[in-house]
>>> print(open('upload_35.tsv').read())   # TSV, C-alpha atoms
chain	number	residue	atom	x	y	z
X	111	MET	CA	21.44	166.27	150.78
X	112	CYS	CA	24.56	164.14	150.97
X	113	VAL	CA	27.08	165.12	148.30
X	114	PRO	CA	30.54	163.52	148.33
X	115	GLY	CA	33.43	165.86	147.69
X	116	ARG	CA	37.09	166.41	148.36
X	117	THR	CA	38.52	168.89	150.84
X	118	GLU	CA	41.57	171.04	150.24
X	119	PRO	CA	44.86	169.44	149.18
X	120	ASP	CA	46.80	168.04	152.12
X	121	SER	CA	50.09	169.37	153.45
X	122	HIS	CA	51.52	166.06	154.69
X	123	GLY	CA	53.30	164.85	151.57
X	124	GLY	CA	50.41	162.85	150.10
X	125	GLY	CA	50.04	162.65	146.37
X	126	CYS	CA	46.38	163.74	146.13
X	127	SER	CA	43.75	165.92	147.78
X	128	ALA	CA	42.51	164.93	151.21
X	129	VAL	CA	39.76	162.31	151.07
X	130	ARG	CA	37.06	161.41	153.58
X	131	ILE	CA	37.61	157.67	154.06
X	132	PHE	CA	35.14	155.70	156.17
X	133	TYR	CA	35.97	152.10	157.11
X	134	VAL	CA	33.06	149.79	157.96
X	135	SER	CA	35.09	147.55	160.22
X	136	LEU	CA	35.35	146.20	163.73
X	137	ARG	CA	38.68	147.06	165.29
X	138	GLU	CA	41.14	145.10	167.45
X	139	THR	CA	41.12	141.95	165.32
X	140	GLY	CA	44.05	140.54	163.40
X	141	CYS	CA	42.38	140.91	160.01
X	142	SER	CA	41.21	144.47	160.61
X	143	LYS	CA	44.66	145.37	161.93
X	144	TRP	CA	46.35	144.54	158.63
X	145	ARG	CA	43.70	145.72	156.19
X	146	THR	CA	42.22	148.78	157.91
X	147	GLU	CA	44.00	150.00	161.04
X	148	ILE	CA	47.58	150.04	159.75
X	149	PRO	CA	46.61	151.73	156.43
X	150	ALA	CA	44.31	154.17	158.29
X	151	LYS	CA	47.14	155.32	160.58
X	152	TYR	CA	49.33	156.28	157.63
X	153	LEU	CA	46.51	157.69	155.53
X	154	LYS	CA	45.77	160.07	158.40
X	155	ARG	CA	49.40	161.15	158.38
X	156	ARG	CA	49.03	162.02	154.71
X	157	GLY	CA	46.20	164.39	155.57
X	158	HIS	CA	43.13	162.24	154.92
X	159	ASN	CA	40.03	162.24	157.11
X	160	VAL	CA	39.64	158.64	158.32
X	161	LYS	CA	36.73	157.31	160.36
X	162	PHE	CA	35.62	153.85	161.52
X	163	ILE	CA	31.94	152.84	161.40
X	164	THR	CA	30.79	149.79	163.37
X	165	GLU	CA	27.03	149.99	162.76
X	166	GLY	CA	24.90	149.73	159.64
X	167	ARG	CA	24.05	153.41	159.51
X	168	ASN	CA	25.92	156.65	158.98
X	169	GLU	CA	24.91	160.30	159.26
X	170	ASP	CA	28.05	161.77	157.68
X	171	CYS	CA	28.97	161.64	154.03
X	172	PRO	CA	32.33	160.16	152.99
X	173	ASP	CA	34.10	160.30	149.67
X	174	VAL	CA	34.76	156.57	149.87
X	175	LEU	CA	33.28	153.80	151.99
X	176	VAL	CA	35.41	150.69	152.56
X	177	PHE	CA	33.70	147.38	153.39
X	178	PHE	CA	35.74	144.47	154.68
X	179	ARG	CA	35.25	140.68	154.51
X	180	GLN	CA	31.70	139.95	155.73
X	181	TYR	CA	28.95	141.35	157.93
X	182	ARG	CA	25.41	140.82	159.07
X	183	SER	CA	22.77	141.58	156.46
X	184	ASP	CA	21.95	145.02	157.96
X	185	MET	CA	25.29	146.31	156.61
X	186	LEU	CA	23.94	145.88	153.09
X	187	LYS	CA	21.64	148.83	153.75
X	188	LEU	CA	24.69	151.03	154.25
X	189	PHE	CA	26.28	149.60	151.11
X	190	LYS	CA	23.18	150.39	149.06
X	191	TRP	CA	22.87	153.82	150.73
X	192	ALA	CA	26.35	154.67	149.47
X	193	ARG	CA	25.71	153.37	145.96
X	194	ASP	CA	22.47	155.36	145.71
X	195	ARG	CA	24.43	158.54	146.49
X	196	ASN	CA	27.28	157.84	144.07
X	197	ILE	CA	29.73	157.41	146.94
X	198	ARG	CA	32.73	155.38	145.91
X	199	VAL	CA	32.52	151.87	147.43
X	200	ILE	CA	35.52	149.61	147.98
X	201	TYR	CA	35.25	145.98	149.04
X	202	ASP	CA	38.37	144.45	150.61
X	203	THR	CA	39.04	140.85	151.60
X	204	ASP	CA	42.19	138.97	152.58
X	205	ASP	CA	40.69	135.48	152.23
X	206	ALA	CA	38.96	133.40	149.57
X	207	LEU	CA	35.83	133.06	151.67
X	208	HIS	CA	34.15	130.80	149.09
X	209	LEU	CA	37.00	128.27	149.48
X	210	ILE	CA	37.25	128.20	153.26
X	211	ASP	CA	38.24	124.83	154.75
X	212	PRO	CA	35.65	122.89	156.83
X	213	TRP	CA	37.96	122.77	159.89
X	214	ASN	CA	38.20	126.57	159.96
X	215	PRO	CA	36.03	128.07	162.77
X	216	ALA	CA	34.82	130.65	160.25
X	217	TYR	CA	33.50	127.97	157.89
X	218	THR	CA	29.86	128.06	159.02
X	219	PRO	CA	29.62	131.88	159.40
X	220	SER	CA	31.14	132.31	155.95
X	221	ARG	CA	28.68	129.91	154.36
X	222	ASN	CA	25.77	131.59	156.16
X	223	ASN	CA	26.85	135.05	154.99
X	224	HIS	CA	28.12	134.19	151.52
X	225	GLU	CA	25.30	135.99	149.71
X	226	ASN	CA	26.15	139.24	151.53
X	227	TRP	CA	29.88	139.30	150.82
X	228	GLU	CA	29.39	138.05	147.25
X	229	PHE	CA	26.92	140.90	146.65
X	230	MET	CA	29.42	143.45	147.97
X	231	ALA	CA	32.26	141.98	145.96
X	232	ALA	CA	30.20	141.99	142.77
X	233	ASN	CA	28.79	145.50	143.19
X	234	ALA	CA	31.75	147.44	144.60
X	235	ASP	CA	33.49	149.99	142.40
X	236	VAL	CA	36.78	148.30	143.22
X	237	VAL	CA	37.77	145.13	145.07
X	238	THR	CA	41.10	145.22	146.88
X	239	THR	CA	42.96	142.17	148.09
X	240	THR	CA	46.34	140.80	149.13
X	241	THR	CA	47.86	138.53	146.46
X	242	PRO	CA	47.70	137.87	142.71
X	243	GLU	CA	46.27	134.38	143.37
X	244	LEU	CA	43.40	135.75	145.44
X	245	ALA	CA	42.84	138.54	142.94
X	246	ASN	CA	42.27	135.94	140.22
X	247	GLU	CA	39.68	134.20	142.41
X	248	LEU	CA	37.88	137.45	143.16
X	249	ARG	CA	37.70	138.38	139.48
X	250	LYS	CA	35.04	135.66	139.25
X	251	PHE	CA	32.82	138.18	141.07
X	252	ASN	CA	34.18	141.53	139.87
X	253	PRO	CA	36.67	142.26	137.06
X	254	ASN	CA	38.06	145.35	138.80
X	255	VAL	CA	40.37	143.81	141.44
X	256	ILE	CA	43.54	145.53	142.65
X	257	VAL	CA	46.30	143.89	144.69
X	258	ILE	CA	47.58	145.84	147.69
X	259	PRO	CA	49.77	143.59	149.84
X	260	ASN	CA	49.54	143.31	153.60
X	261	SER	CA	52.17	145.66	154.96
X	262	VAL	CA	53.91	145.90	158.32
X	263	ASP	CA	54.04	149.04	160.42
X	264	PRO	CA	57.77	149.28	161.31
X	265	GLU	CA	56.96	151.45	164.32
X	266	GLU	CA	55.29	148.49	166.06
X	267	TRP	CA	58.35	146.23	165.99
X	268	THR	CA	61.45	146.28	168.22
X	269	VAL	CA	63.72	143.24	168.04
X	270	ALA	CA	64.56	141.98	171.52
X	271	PRO	CA	68.24	141.13	172.20
X	272	ARG	CA	69.26	137.46	171.99
X	273	SER	CA	71.68	135.72	174.34
X	274	ARG	CA	74.21	133.40	172.74
X	275	ASP	CA	74.04	131.14	175.78
X	276	ASP	CA	70.32	130.44	175.40
X	277	GLN	CA	68.90	127.41	173.65
X	278	VAL	CA	67.63	128.06	170.15
X	279	ARG	CA	64.01	129.17	170.36
X	280	ILE	CA	61.83	127.73	167.61
X	281	GLY	CA	58.37	129.25	167.49
X	282	TRP	CA	55.06	129.02	165.70
X	283	LEU	CA	52.12	131.40	165.71
X	284	GLY	CA	48.65	131.18	164.27
X	285	GLY	CA	44.92	131.48	164.76
X	286	GLY	CA	42.29	128.89	165.53
X	287	SER	CA	42.15	127.63	161.95
X	288	HIS	CA	45.73	126.32	161.87
X	289	PHE	CA	45.74	123.14	163.97
X	290	LEU	CA	46.40	120.92	160.95
X	291	ASP	CA	49.13	123.24	159.69
X	292	LEU	CA	51.26	122.97	162.80
X	293	ALA	CA	50.69	119.22	162.85
X	294	ILE	CA	52.72	119.00	159.61
X	295	ALA	CA	55.95	119.82	161.45
X	296	ALA	CA	55.07	118.33	164.85
X	297	ASP	CA	56.35	114.80	164.10
X	298	ALA	CA	59.72	116.15	163.01
X	299	LEU	CA	60.06	118.41	166.04
X	300	SER	CA	59.01	115.58	168.39
X	301	GLU	CA	61.92	113.47	167.12
X	302	LEU	CA	64.41	116.34	167.05
X	303	VAL	CA	63.74	117.45	170.63
X	304	ASN	CA	65.80	114.48	171.88
X	305	LYS	CA	68.66	115.09	169.43
X	306	ILE	CA	69.28	118.85	169.36
X	307	ARG	CA	68.79	121.52	172.02
X	308	PHE	CA	65.90	123.86	171.37
X	309	THR	CA	62.87	125.32	173.09
X	310	PHE	CA	59.59	125.18	171.18
X	311	ILE	CA	56.99	127.93	171.62
X	312	VAL	CA	53.38	128.05	170.42
X	313	TYR	CA	51.76	131.50	170.30
X	314	GLY	CA	48.07	131.87	169.54
X	315	LEU	CA	45.33	129.35	168.63
X	316	THR	CA	43.16	130.44	171.57
X	317	THR	CA	42.80	132.96	174.39
X	318	LEU	CA	42.42	130.08	176.86
X	319	PRO	CA	45.39	128.73	178.89
X	320	GLY	CA	45.94	125.89	176.42
X	321	VAL	CA	44.64	123.85	173.50
X	322	GLN	CA	43.31	121.05	175.72
X	323	GLU	CA	41.21	123.62	177.57
X	324	LEU	CA	39.86	124.84	174.24
X	325	TYR	CA	38.91	121.31	173.21
X	326	ASP	CA	37.27	120.61	176.58
X	327	GLN	CA	35.29	123.85	176.41
X	328	HIS	CA	33.92	123.00	172.96
X	329	LEU	CA	33.17	119.44	174.06
X	330	LYS	CA	31.26	120.65	177.12
X	331	SER	CA	29.26	123.06	175.00
X	332	ASP	CA	28.52	120.91	171.93
X	333	GLY	CA	29.33	117.32	172.91
X	334	GLU	CA	29.54	114.68	170.18
X	335	ARG	CA	28.60	117.18	167.50
X	336	PHE	CA	31.87	118.98	168.15
X	337	ARG	CA	33.92	115.80	168.63
X	338	ASN	CA	32.92	114.60	165.15
X	339	SER	CA	33.17	118.00	163.46
X	340	PRO	CA	36.10	118.91	161.16
X	341	LEU	CA	37.33	121.43	163.75
X	342	GLY	CA	37.05	118.93	166.59
X	343	LYS	CA	38.99	116.34	164.60
X	344	ALA	CA	41.65	118.93	163.65
X	345	ILE	CA	42.23	119.86	167.30
X	346	LYS	CA	42.50	116.16	168.22
X	347	VAL	CA	45.14	115.72	165.52
X	348	PHE	CA	47.07	118.66	167.00
X	349	LEU	CA	46.84	117.22	170.53
X	350	ARG	CA	47.99	113.82	169.34
X	351	LYS	CA	50.87	115.17	167.26
X	352	THR	CA	52.18	117.36	170.09
X	353	LYS	CA	51.79	114.74	172.84
X	354	ASP	CA	55.54	114.05	172.83
X	355	LEU	CA	56.60	117.60	172.00
X	356	PRO	CA	57.17	119.82	175.06
X	357	TYR	CA	56.35	123.45	174.34
X	358	GLU	CA	55.74	126.81	175.95
X	359	PHE	CA	52.22	128.01	175.27
X	360	HIS	CA	51.29	131.68	175.01
X	361	PRO	CA	47.62	132.48	174.27
X	362	PHE	CA	46.51	135.28	172.01
X	363	VAL	CA	46.59	138.82	173.36
X	364	PRO	CA	44.68	141.89	172.09
X	365	ALA	CA	45.78	143.03	168.65
X	366	SER	CA	47.33	146.19	170.12
X	367	GLU	CA	49.72	144.03	172.19
X	368	TYR	CA	50.38	141.39	169.58
X	369	ALA	CA	53.61	142.67	167.99
X	370	ALA	CA	55.30	143.52	171.28
X	371	THR	CA	54.41	140.11	172.70
X	372	LEU	CA	55.87	138.32	169.67
X	373	CYS	CA	59.08	140.33	169.91
X	374	ASN	CA	59.41	139.48	173.60
X	375	LEU	CA	59.06	135.76	172.85
X	376	ARG	CA	62.41	136.02	171.02
X	377	PHE	CA	61.93	133.38	168.36
X	378	ASP	CA	65.21	132.55	166.62
X	379	ILE	CA	63.41	130.43	164.01
X	380	GLY	CA	59.78	130.95	163.08
X	381	ILE	CA	58.18	128.00	161.34
X	382	ALA	CA	55.27	128.31	158.93
X	383	PRO	CA	54.04	124.84	157.95
X	384	LEU	CA	50.94	125.02	155.79
X	385	VAL	CA	48.49	122.51	154.31
X	386	GLY	CA	48.40	122.95	150.54
X	387	SER	CA	44.65	123.56	150.26
X	388	SER	CA	42.80	125.79	147.79
X	389	PHE	CA	41.92	128.17	150.61
X	390	ASN	CA	45.49	128.40	151.91
X	391	ARG	CA	47.09	129.06	148.53
X	392	ASN	CA	45.09	132.31	148.40
X	393	LYS	CA	46.37	133.57	151.74
X	394	SER	CA	49.27	135.98	152.22
X	395	CYS	CA	52.64	135.60	153.97
X	396	ILE	CA	51.82	137.44	157.19
X	397	LYS	CA	53.75	134.96	159.33
X	398	TYR	CA	56.85	135.68	157.25
X	399	TYR	CA	56.48	139.43	157.73
X	400	GLU	CA	55.89	139.07	161.47
X	401	TYR	CA	58.76	136.67	162.03
X	402	ALA	CA	61.17	138.87	160.09
X	403	MET	CA	60.16	142.01	161.97
X	404	SER	CA	60.45	140.28	165.36
X	405	GLY	CA	63.97	138.93	164.73
X	406	ALA	CA	63.30	135.36	163.57
X	407	VAL	CA	64.37	133.48	160.46
X	408	THR	CA	61.36	132.03	158.62
X	409	LEU	CA	61.19	128.38	157.53
X	410	ALA	CA	57.99	127.79	155.57
X	411	SER	CA	56.23	125.04	153.63
X	412	ASP	CA	57.04	124.99	149.94
X	413	VAL	CA	53.46	125.83	148.94
X	414	LEU	CA	51.67	129.03	148.00
X	415	PRO	CA	51.67	131.69	149.29
X	416	TYR	CA	55.10	131.11	150.88
X	417	SER	CA	56.75	129.69	147.75
X	418	ARG	CA	56.27	133.07	146.06
X	419	GLU	CA	58.08	135.14	148.72
X	420	VAL	CA	59.95	133.15	151.37
X	421	PRO	CA	63.50	132.12	150.35
X	422	TYR	CA	63.90	129.33	152.95
X	423	LEU	CA	61.39	126.57	152.19
X	424	CYS	CA	60.64	122.98	153.14
X	425	SER	CA	58.54	120.24	151.55
X	426	ASN	CA	55.74	118.89	153.75
X	427	THR	CA	57.40	115.66	154.87
X	428	LYS	CA	58.80	114.65	158.24
X	429	VAL	CA	62.24	113.98	156.77
X	430	ALA	CA	62.41	117.37	155.08
X	431	TRP	CA	61.32	119.26	158.19
X	432	LYS	CA	63.89	117.43	160.31
X	433	GLU	CA	66.66	118.23	157.85
X	434	ARG	CA	65.79	121.90	157.40
X	435	VAL	CA	65.24	122.61	161.11
X	436	THR	CA	68.53	120.90	162.00
X	437	GLU	CA	70.30	122.89	159.30
X	438	LEU	CA	68.97	126.19	160.65
X	439	VAL	CA	69.69	125.35	164.28
X	440	HIS	CA	73.37	124.81	163.43
X	441	SER	CA	73.74	127.69	160.96
X	442	ASP	CA	74.66	131.34	161.30
X	443	ARG	CA	71.12	132.67	161.16
X	444	SER	CA	71.95	136.37	161.43
X	445	ALA	CA	72.71	136.79	157.71
X	446	ILE	CA	69.61	134.82	156.69
X	447	TRP	CA	67.41	136.90	159.00
X	448	LYS	CA	68.87	140.19	157.75
X	449	GLN	CA	68.15	139.18	154.14
X	450	GLN	CA	64.57	138.29	155.00
X	451	ARG	CA	63.94	141.39	157.09
X	452	ASP	CA	65.44	143.68	154.44
X	453	TRP	CA	63.11	142.17	151.81
X	454	VAL	CA	60.07	142.69	154.04
X	455	LEU	CA	61.02	146.31	154.75
X	456	ALA	CA	61.67	146.99	151.06
X	457	ASN	CA	58.48	145.36	149.77
X	458	ARG	CA	55.99	145.04	152.62
X	459	SER	CA	56.26	148.27	154.63
X	460	ILE	CA	53.20	150.49	154.98
X	461	GLU	CA	55.49	153.53	154.89
X	462	THR	CA	55.86	152.83	151.17
X	463	ASN	CA	52.71	150.89	150.36
X	464	VAL	CA	50.32	153.46	151.83
X	465	ALA	CA	50.64	155.16	148.43
X	466	MET	CA	48.82	152.20	146.86
X	467	TRP	CA	45.93	152.60	149.31
X	468	GLU	CA	45.87	156.33	148.67
X	469	GLN	CA	45.65	155.88	144.90
X	470	VAL	CA	42.80	153.36	145.11
X	471	LEU	CA	40.78	155.13	147.79
X	472	SER	CA	41.10	158.51	146.08
X	473	GLY	CA	40.04	157.08	142.72
X	474	THR	CA	43.39	157.61	141.00
X	475	THR	CA	43.97	155.09	138.20
X	476	VAL	CA	46.39	152.34	139.24
X	477	SER	CA	47.55	149.08	137.74
X	478	GLN	CA	45.58	146.00	138.75
X	479	GLU	CA	48.91	144.34	139.52
X	480	CYS	CA	50.49	147.09	141.63
X	481	VAL	CA	51.76	144.56	144.18
X	482	ALA	CA	55.50	144.66	144.76
X	483	VAL	CA	57.30	141.38	143.99
>>> encode(input="upload_35.tsv", output="structure tokens")
Amino acid sequence: MCVPGRTEPDSHGGGCSAVRIFYVSLRETGCSKWRTEIPAKYLKRRGHNVKFITEGRNEDCPDVLVFFRQYRSDMLKLFKWARDRNIRVIYDTDDALHLIDPWNPAYTPSRNNHENWEFMAANADVVTTTTPELANELRKFNPNVIVIPNSVDPEEWTVAPRSRDDQVRIGWLGGGSHFLDLAIAADALSELVNKIRFTFIVYGLTTLPGVQELYDQHLKSDGERFRNSPLGKAIKVFLRKTKDLPYEFHPFVPASEYAATLCNLRFDIGIAPLVGSSFNRNKSCIKYYEYAMSGAVTLASDVLPYSREVPYLCSNTKVAWKERVTELVHSDRSAIWKQQRDWVLANRSIETNVAMWEQVLSGTTVSQECVAV
């Protein structure tokens, strides 16, 4: 018979007895990196028994089972198995999946699986998430929602040296849902490239050699259906907006290589333009954390989530982006970067915030608003 129970108290400085924590999560993705793999690394250091499950069955008995975002329907059997045995169940999500934008590649899968993730959110003992805004959305499904912010692992980041003789390197990074976001700043950068000296770098969007190749691949596979889809139209907007903007392109790498690759790209300024949609306002400031840890000053759109945390903001107009980018290019960025990095290390480091995960996963009572601000 499966009976959950705690092992002996740990000897690694943790604040509670060792807990058997099982994550139901695929690894080596950006989302799982932030919400499961980074916390798991530091929970292990505090003496907890951490295991990853990738299938909808389990022969061992954990103290707590953590479900993440969305799965195929067979994972619900594992969820119900845990509930039937009084095993503590946590549901974690870093996105408002019910508000996902039509141009997001995850739009159709999220709609197809909405009943599954809504069931898990509604029936979990606790729901954990990233921001107060998203917590308020998730309380529509479950009143017991706790905010634990995304947190960097400082051990993954080494700032590469900059040369004063180099052109300023302005960079952007993002996944395949952000074509319209980058387009916000593209007009401004296209005009500035002939007035001030900078190199523009795009990191992400696809694992293919470029965005045109991504568009062509989709077009070959799905034809007019893709061309007229929200995603197809978003990529066309990106291609049109960047037609007169020369840039270095660096495709996505495996999650284990992601931080080192970003550091080696040596962004001086990391831009984070963002469409002010309902879905986006519930996201977190991961770009800010990554830019700061890699050595770049962050310039972000003056919309949530960035308006809550990032001190250097810009309204979503061409004139504003031109002015703010020009200002940063000609400024002493070292002091601005140090201020931003120090804030991230003080408020968004897993070395400190692992205690929040430990409290929730062990069942210790915590405030629903434990997020650092």
>>> atom_distance(input="upload_35.tsv", atom1="atom CA of Arg249 of chain X", atom2="atom CA of Arg179 of chain X")
15.4 Å
>>> closest_residue(input="upload_35.tsv", among="X:Glu468, X:Glu247, X:Asp291, X:Glu266", to="Ser366 of chain X", atoms="only C-alpha atoms")
X:Glu266
>>> atom_distance(input="upload_35.tsv", atom1="atom CA of Ala234 of chain X", atom2="atom CA of Tyr201 of chain X")
5.8 Å
>>> residues_near_point(input="upload_35.tsv", point="(54.5, 114.5, 174.9)", cutoff="12 Å", atoms="all atoms listed in the file", output="list in words")
Ala296, Asp297, Leu299, Ser300, Glu301, Val303, Asn304, Phe348, Leu349, Arg350, Lys351, Thr352, Lys353, Asp354, Leu355, Pro356 and Tyr357 of chain X
>>> residues_around(input="upload_35.tsv", residues="Phe132 of chain X", least_positions_apart="4", cutoff="10 Å", atoms="all atoms listed in the file", output="list in words")
Ala150, Asn159, Val160, Lys161, Phe162, Ile163, Asn168, Asp170, Cys171, Pro172, Asp173, Val174, Leu175, Val176, Phe177 and Val199 of chain X
>>> closest_residue(input="upload_35.tsv", among="X:Asn392, X:Trp453, X:Lys432, X:Ala128", to="Val420 of chain X", atoms="only C-alpha atoms")
X:Trp453
>>> residues_around(input="upload_35.tsv", residues="Glu265 of chain X", least_positions_apart="3", cutoff="10 Å", atoms="only C-alpha atoms", output="ChimeraX atom specification")
/X:262,268,461
>>> write_last_selection(input="upload_35.tsv", atoms="C-alpha atoms", output="CSV table (one decimal), in the frame of the given file")
chain,number,residue,atom,x,y,z
X,262,VAL,CA,53.9,145.9,158.3
X,268,THR,CA,61.4,146.3,168.2
X,461,GLU,CA,55.5,153.5,154.9
>>> residues_around(input="upload_35.tsv", residues="Leu329 of chain X", least_positions_apart="5", cutoff="12 Å", atoms="all atoms listed in the file", output="list of chain:residue names")
X:Gln322, X:Glu323, X:Leu324, X:Glu334, X:Arg335, X:Phe336, X:Arg337, X:Asn338, X:Ser339, X:Leu341, X:Gly342, X:Lys343, X:Ile345, X:Lys346
>>> closest_residue(input="upload_35.tsv", among="X:Gln277, X:Leu290, X:Pro319, X:Ser459", to="Phe377 of chain X", atoms="only C-alpha atoms")
X:Gln277
>>> atom_distance(input="upload_35.tsv", atom1="atom CA of Ala406 of chain X", atom2="atom CA of Trp447 of chain X")
6.3 Å
>>> closest_residue(input="upload_35.tsv", among="X:Leu292, X:Ile446, X:Leu283, X:Leu207", to="Gly314 of chain X", atoms="all atoms listed in the file")
X:Leu283
>>> residues_around(input="upload_35.tsv", residues="Arg279 of chain X", least_positions_apart="6", cutoff="10 Å", atoms="all atoms listed in the file", output="list of chain:residue names")
X:Arg272, X:Arg307, X:Phe308, X:Thr309, X:Phe310, X:Ile311, X:Leu375, X:Arg376, X:Phe377, X:Asp378, X:Ile379, X:Gly380, X:Ala406, X:Val439
>>> closest_residue(input="upload_35.tsv", among="X:Ile131, X:Ile210, X:Ala456, X:Cys373", to="Pro149 of chain X", atoms="only C-alpha atoms")
X:Ile131
>>> closest_residue(input="upload_35.tsv", among="X:Ile381, X:Phe362, X:Pro215, X:Trp191", to="Arg434 of chain X", atoms="all atoms listed in the file")
X:Ile381
>>> axis_aligned_box(input="upload_35.tsv", around="segment 406-417 of chain X", padding_each_side="3 Å", output="JSON")
{"center_x": 58.0, "center_y": 130.2, "center_z": 155.7, "size_x": 18.7, "size_y": 16.4, "size_z": 21.8}
>>> residues_near_point(input="upload_35.tsv", point="(43.7, 162.6, 152.2)", cutoff="6 Å", atoms="all atoms listed in the file", output="ChimeraX atom specification")
/X:127-129,156-158
>>> decode(input="upload_35.tsv", residues="segment 170-186 of chain X", atoms="N, CA and C atoms", output="JSON list (two decimals), in the first residue's frame")
[["chain", "number", "residue", "atom", "x", "y", "z"],
["X", 170, "ASP", "N", 6.55, 4.42, -7.54],
["X", 170, "ASP", "CA", 6.98, 4.89, -6.23],
["X", 170, "ASP", "C", 5.94, 5.84, -5.65],
["X", 171, "CYS", "N", 6.12, 6.14, -4.38],
["X", 171, "CYS", "CA", 5.14, 6.97, -3.70],
["X", 171, "CYS", "C", 5.81, 8.25, -3.19],
["X", 172, "PRO", "N", 5.46, 9.40, -3.74],
["X", 172, "PRO", "CA", 6.04, 10.66, -3.28],
["X", 172, "PRO", "C", 5.24, 11.25, -2.12],
["X", 173, "ASP", "N", 5.82, 12.27, -1.50],
["X", 173, "ASP", "CA", 5.06, 13.09, -0.57],
["X", 173, "ASP", "C", 4.26, 14.15, -1.31],
["X", 174, "VAL", "N", 4.81, 14.62, -2.43],
["X", 174, "VAL", "CA", 4.14, 15.65, -3.21],
["X", 174, "VAL", "C", 4.41, 15.41, -4.68],
["X", 175, "LEU", "N", 3.38, 15.59, -5.49],
["X", 175, "LEU", "CA", 3.47, 15.40, -6.93],
["X", 175, "LEU", "C", 3.18, 16.75, -7.58],
["X", 176, "VAL", "N", 4.10, 17.22, -8.43],
["X", 176, "VAL", "CA", 3.98, 18.54, -9.03],
["X", 176, "VAL", "C", 3.67, 18.41, -10.52],
["X", 177, "PHE", "N", 2.50, 18.89, -10.92],
["X", 177, "PHE", "CA", 2.11, 18.91, -12.33],
["X", 177, "PHE", "C", 2.36, 20.30, -12.89],
["X", 178, "PHE", "N", 2.64, 20.36, -14.19],
["X", 178, "PHE", "CA", 3.11, 21.61, -14.78],
["X", 178, "PHE", "C", 2.43, 21.88, -16.12],
["X", 179, "ARG", "N", 1.79, 23.02, -16.25],
["X", 179, "ARG", "CA", 1.18, 23.50, -17.48],
["X", 179, "ARG", "C", 0.12, 22.53, -18.01],
["X", 180, "GLN", "N", 0.43, 21.75, -19.05],
["X", 180, "GLN", "CA", -0.60, 20.89, -19.64],
["X", 180, "GLN", "C", 0.02, 19.62, -20.21],
["X", 181, "TYR", "N", -0.81, 18.59, -20.31],
["X", 181, "TYR", "CA", -0.37, 17.27, -20.74],
["X", 181, "TYR", "C", -1.45, 16.62, -21.59],
["X", 182, "ARG", "N", -1.10, 15.43, -22.09],
["X", 182, "ARG", "CA", -2.12, 14.58, -22.70],
["X", 182, "ARG", "C", -3.06, 14.08, -21.60],
["X", 183, "SER", "N", -4.20, 13.58, -22.01],
["X", 183, "SER", "CA", -5.22, 13.18, -21.04],
["X", 183, "SER", "C", -4.77, 12.02, -20.15],
["X", 184, "ASP", "N", -3.80, 11.19, -20.59],
["X", 184, "ASP", "CA", -3.41, 10.04, -19.77],
["X", 184, "ASP", "C", -2.75, 10.48, -18.46],
["X", 185, "MET", "N", -2.22, 11.73, -18.42],
["X", 185, "MET", "CA", -1.62, 12.22, -17.18],
["X", 185, "MET", "C", -2.67, 12.45, -16.09],
["X", 186, "LEU", "N", -3.93, 12.60, -16.47],
["X", 186, "LEU", "CA", -4.97, 12.78, -15.48],
["X", 186, "LEU", "C", -5.12, 11.54, -14.60]]
